[in-house]
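Okay, model_35.txt now, which holds compact mmCIF, C-alpha atoms and all ligand atoms:
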# COMPACT_ATOMS: atom_id res chain seq x y z
CA MET A 1496 27.76 -53.56 -25.21
CA GLU A 1497 27.79 -55.18 -21.77
CA ARG A 1498 26.80 -58.46 -23.28
CA ALA A 1499 29.55 -58.33 -25.88
CA ARG A 1500 32.32 -57.47 -23.44
CA GLY A 1501 31.12 -59.86 -20.76
CA ARG A 1502 30.87 -59.48 -17.04
CA GLU A 1503 33.10 -60.03 -14.05
CA GLN A 1504 32.25 -61.13 -10.55
CA ARG A 1505 33.60 -60.19 -7.19
CA LEU A 1506 32.72 -61.88 -3.90
CA VAL A 1507 32.56 -59.59 -0.88
CA ARG A 1508 32.56 -61.09 2.59
CA ALA A 1509 32.07 -58.87 5.60
CA VAL A 1510 32.12 -59.85 9.25
CA GLY A 1511 28.91 -59.84 11.25
CA GLU A 1512 25.38 -60.83 10.43
CA VAL A 1513 25.24 -59.51 6.90
CA PRO A 1514 24.90 -61.42 3.66
CA LEU A 1515 27.78 -62.31 1.38
CA LEU A 1516 27.61 -60.13 -1.73
CA LEU A 1517 28.38 -61.37 -5.20
CA LEU A 1518 28.95 -58.27 -7.31
CA SER A 1519 28.45 -58.83 -11.02
CA TYR A 1520 29.60 -55.88 -13.13
CA PRO A 1521 30.46 -55.11 -16.73
CA ARG A 1522 34.03 -56.10 -17.58
CA GLY A 1523 36.44 -53.24 -17.01
CA HIS A 1524 34.33 -51.48 -14.38
CA HIS A 1525 36.32 -52.55 -11.31
CA GLU A 1526 36.26 -49.02 -9.96
CA ALA A 1527 32.49 -49.00 -9.30
CA ALA A 1528 32.59 -52.52 -7.85
CA LYS A 1529 35.51 -51.65 -5.57
CA GLU A 1530 33.76 -48.51 -4.39
CA LEU A 1531 30.70 -50.53 -3.42
CA GLU A 1532 32.94 -53.10 -1.71
CA ARG A 1533 34.65 -50.36 0.29
CA ALA A 1534 31.32 -48.90 1.33
CA TRP A 1535 30.05 -52.30 2.47
CA LEU A 1536 33.23 -53.46 4.23
CA HIS A 1537 34.48 -50.20 5.75
CA THR A 1538 31.87 -47.44 5.80
CA LEU A 1539 28.80 -49.40 6.91
CA PRO A 1540 30.49 -51.01 9.96
CA ALA A 1541 32.08 -47.68 10.93
CA LEU A 1542 28.84 -45.69 10.99
CA PRO A 1543 27.44 -44.63 14.36
CA GLU A 1544 24.74 -46.90 15.72
CA GLU A 1545 21.98 -44.31 15.27
CA SER A 1546 22.70 -44.25 11.52
CA ALA A 1547 23.29 -47.93 10.73
CA GLY A 1548 21.02 -49.28 13.49
CA PRO A 1549 17.76 -49.07 11.52
CA TYR A 1550 19.18 -51.50 8.94
CA ARG A 1551 20.68 -54.05 11.31
CA ALA A 1552 17.58 -56.26 11.79
CA MET A 1553 16.80 -56.04 8.07
CA LEU A 1554 20.26 -57.31 7.11
CA ARG A 1555 19.83 -60.38 9.30
CA LEU A 1556 16.67 -61.35 7.40
CA LEU A 1557 18.35 -61.52 4.01
CA PRO A 1558 19.49 -64.73 2.33
CA THR A 1559 23.12 -65.80 3.01
CA ILE A 1560 24.11 -64.58 -0.45
CA VAL A 1561 22.80 -61.64 -2.42
CA VAL A 1562 23.79 -61.09 -6.05
CA VAL A 1563 24.21 -57.40 -6.91
CA VAL A 1564 23.89 -56.97 -10.66
CA MET A 1565 25.62 -53.72 -11.53
CA HIS A 1566 24.77 -51.92 -14.77
CA ARG A 1567 26.06 -48.59 -16.02
CA GLU A 1568 22.47 -47.40 -16.49
CA ASN A 1569 19.02 -48.92 -16.22
CA VAL A 1570 16.88 -48.53 -19.34
CA CYS A 1571 13.98 -47.29 -17.17
CA GLY A 1572 16.20 -44.70 -15.49
CA CYS A 1573 15.88 -46.18 -11.97
CA LEU A 1574 18.95 -46.24 -9.75
CA GLY A 1575 18.18 -49.78 -8.63
CA HIS A 1576 15.58 -52.51 -8.28
CA HIS A 1577 15.04 -55.51 -6.09
CA HIS A 1578 14.17 -58.68 -7.92
CA PRO A 1579 11.34 -60.53 -6.17
CA ALA A 1580 11.63 -64.32 -5.77
CA GLY A 1581 11.14 -65.98 -9.12
CA THR A 1582 12.38 -63.07 -11.23
CA GLU A 1583 16.13 -63.54 -10.69
CA GLY A 1584 18.58 -63.83 -13.56
CA ARG A 1585 20.54 -66.84 -14.70
CA LEU A 1586 23.59 -66.30 -12.50
CA THR A 1587 21.45 -66.17 -9.35
CA ARG A 1588 19.30 -69.13 -10.33
CA ARG A 1589 22.37 -71.24 -11.07
CA LEU A 1590 23.99 -70.26 -7.78
CA ALA A 1591 20.81 -71.06 -5.84
CA ALA A 1592 20.58 -74.47 -7.53
CA GLU A 1593 24.23 -75.25 -6.75
CA LEU A 1594 23.94 -74.16 -3.14
CA GLY A 1595 20.49 -75.59 -2.62
CA SER A 1596 19.41 -72.39 -0.88
CA THR A 1597 17.76 -69.07 -1.54
CA VAL A 1598 19.89 -66.41 -3.17
CA GLY A 1599 18.66 -62.82 -3.31
CA GLU A 1600 19.14 -60.42 -6.19
CA ILE A 1601 19.09 -56.66 -6.70
CA ASP A 1602 20.45 -54.39 -9.43
CA LEU A 1603 22.17 -51.01 -9.26
CA ALA A 1604 22.82 -48.47 -12.03
CA PHE A 1605 26.20 -47.06 -11.03
CA GLU A 1606 26.49 -44.24 -13.59
CA GLY A 1607 23.00 -43.10 -12.63
CA ILE A 1608 24.03 -43.19 -8.96
CA ARG A 1609 27.21 -41.22 -9.77
CA ARG A 1610 25.07 -38.39 -11.18
CA TRP A 1611 22.48 -38.61 -8.40
CA GLU A 1612 22.22 -35.57 -6.19
CA PRO A 1613 19.38 -35.97 -3.71
CA ASN A 1614 20.35 -32.96 -1.64
CA PRO A 1615 22.28 -30.51 -3.86
CA LEU A 1616 22.21 -27.54 -1.49
CA ALA A 1617 23.53 -29.52 1.45
CA ALA A 1618 26.24 -31.03 -0.75
CA LEU A 1619 27.25 -27.59 -2.01
CA ALA A 1620 27.27 -26.02 1.44
CA SER A 1621 29.50 -28.73 2.87
CA GLY A 1622 31.88 -28.95 -0.09
CA ALA A 1623 31.06 -32.64 -0.61
CA THR A 1624 32.94 -34.03 -3.58
CA GLU A 1625 31.47 -36.20 -6.33
CA ALA A 1626 33.51 -39.12 -4.95
CA LEU A 1627 31.84 -38.84 -1.52
CA ARG A 1628 28.38 -38.53 -3.06
CA PHE A 1629 29.02 -41.59 -5.23
CA HIS A 1630 30.19 -43.61 -2.22
CA ALA A 1631 27.18 -42.63 -0.09
CA GLY A 1632 24.82 -43.10 -3.04
CA LEU A 1633 26.00 -46.64 -3.80
CA LEU A 1634 25.58 -47.70 -0.18
CA SER A 1635 22.21 -45.98 0.27
CA VAL A 1636 20.64 -47.26 -2.94
CA MET A 1637 21.90 -50.77 -2.20
CA LEU A 1638 20.43 -50.76 1.33
CA HIS A 1639 17.19 -49.33 -0.08
CA GLU A 1640 16.85 -52.27 -2.48
CA LEU A 1641 17.92 -54.77 0.20
CA GLU A 1642 15.14 -53.48 2.44
CA HIS A 1643 12.61 -54.14 -0.33
CA LEU A 1644 14.03 -57.65 -0.59
CA ALA A 1645 13.89 -58.29 3.16
CA TYR A 1646 10.43 -56.77 3.66
CA PRO A 1647 8.34 -57.21 0.50
CA ASP A 1648 5.34 -55.63 2.26
CA HIS A 1649 7.07 -52.35 3.14
CA THR A 1650 5.74 -49.48 1.06
CA GLU A 1651 8.01 -47.36 -1.13
CA ARG A 1652 7.33 -44.45 1.19
CA GLU A 1653 8.61 -46.34 4.25
CA VAL A 1654 11.66 -47.71 2.46
CA ARG A 1655 12.39 -44.28 1.00
CA GLY A 1656 12.13 -42.62 4.39
CA THR A 1657 14.74 -44.94 5.88
CA SER A 1658 17.15 -44.61 2.97
CA ASP A 1659 16.84 -40.82 2.71
CA THR A 1660 17.70 -40.46 6.39
CA PHE A 1661 20.51 -42.98 5.99
CA TYR A 1662 21.99 -41.10 3.00
CA GLY A 1663 22.14 -37.90 5.03
CA ALA A 1664 23.85 -39.72 7.91
CA VAL A 1665 26.44 -41.31 5.60
CA MET A 1666 27.19 -37.94 3.99
CA GLN A 1667 27.56 -36.37 7.41
CA TYR A 1668 30.00 -39.12 8.42
CA LEU A 1669 32.03 -38.89 5.19
CA VAL A 1670 32.11 -35.11 4.93
CA HIS A 1671 33.09 -34.73 8.55
CA GLY A 1672 35.84 -37.35 8.18
CA GLU A 1673 37.22 -35.74 5.04
CA THR A 1674 36.88 -32.02 5.69
CA GLY A 1675 35.80 -31.62 9.31
CA MET A 1676 32.76 -29.77 8.01
CA GLU A 1677 29.11 -30.42 8.74
CA TYR A 1678 26.80 -31.76 6.07
CA GLY A 1679 23.42 -30.13 5.73
CA ILE A 1680 21.77 -26.78 5.90
CA ARG A 1681 21.33 -25.23 9.32
CA SER A 1682 18.55 -22.75 9.65
ZN ZN B 1701 13.05 -49.20 -13.08
ZN ZN B 1702 12.14 -48.41 -3.59

Represent the structure from my file as structure tokens, please.
Ligand SMILES: [Zn+2]
Ligand SMILES: [Zn+2]
Amino acid sequence: MERARGREQRLVRAVGEVPLLLLSYPRGHHEAAKELERAWLHTLPALPEESAGPYRAMLRLLPTIVVVVMHRENVCGCLGHHHPAGTEGRLTRRLAAELGSTVGEIDLAFEGIRRWEPNPLAALASGATEALRFHAGLLSVMLHELEHLAYPDHTEREVRGTSDTFYGAVMQYLVHGETGMEYGIRS
């Protein structure tokens, strides 16, 4: 289906020491691409230092451009993957050849991320909407995969620890901004 309808690209340039993103998504799915763009351009820079800080050094290590291949779902069910050097797709390889530099690549399954609920009780207690969870999920899964790309030797456990904490911090930021409520379960 994706192949038949083709794909569209969207270049996202943020200020600061972060890579340029080239979002590649199935034609007609602007909404998911725009949501990711908003998260990257507006939410990430607005987060308090204690939340975004752990990713700052990692982002500086990435190539100047990272291609984010967005699918509705991944066949394996994963929400995302990083693509180690040498396993990139045609778009990324062509771009790297044209630029004469390294181009990174990850993929994200946006419909899988939309359904993802890592912390259902906290979401319920705070009244977090699906839209907020989708926004936080896109950003968290992307940063998770970018960390794998930046630090190939980091274990899944380490990378997962950072992104789980980050997800909670983003939800806290979004929920508080939208409803004034706290995100999480207080005991
Ligand atoms: Zn997978
Ligand atoms: Zn991982």

message: Considering only C-alpha atoms, can you say which of A:Ala1528, A:Leu1586, A:Ala1645, A:Ala1631 comes closest to Pro1558 in chain A?
response: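 Smallest separation from Pro1558 in chain A among the options: A:Ala1645.
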
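The space separating CA of Glu1606 in chain A from CA of Leu1516 in chain A comes to 19.9 Å.
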
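CA of Ala1617 in chain A lies 9.2 Å from CA of Gly1663 in chain A.
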
field: Distance criterion (all atoms listed in the file): nearest to Leu1518 in chain A out of A:His1577, A:Arg1502, A:His1630, A:Arg1589
entry: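 Once distances to Leu1518 in chain A are computed over all atoms listed in the file, the minimum belongs to A:Arg1502.
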
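Distance check against ligand ZN 1702 (chain B) using only C-alpha atoms and all ligand atoms: of A:Trp1611, A:Tyr1646, A:Phe1629, A:Tyr1668, the minimum falls on A:Tyr1646.
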
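If all atoms listed in the file are the atoms counted, then among A:Leu1536, A:Leu1644, A:Leu1554, A:Val1513 the closest residue to ligand ZN 1702 (chain B) is A:Leu1644.
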
- request: Have a look at A:Ala1527, A:Glu1640, A:Tyr1662, A:His1566 and name the one nearest to Gly1501 in chain A; count only C-alpha atoms.
  value: A:His1566
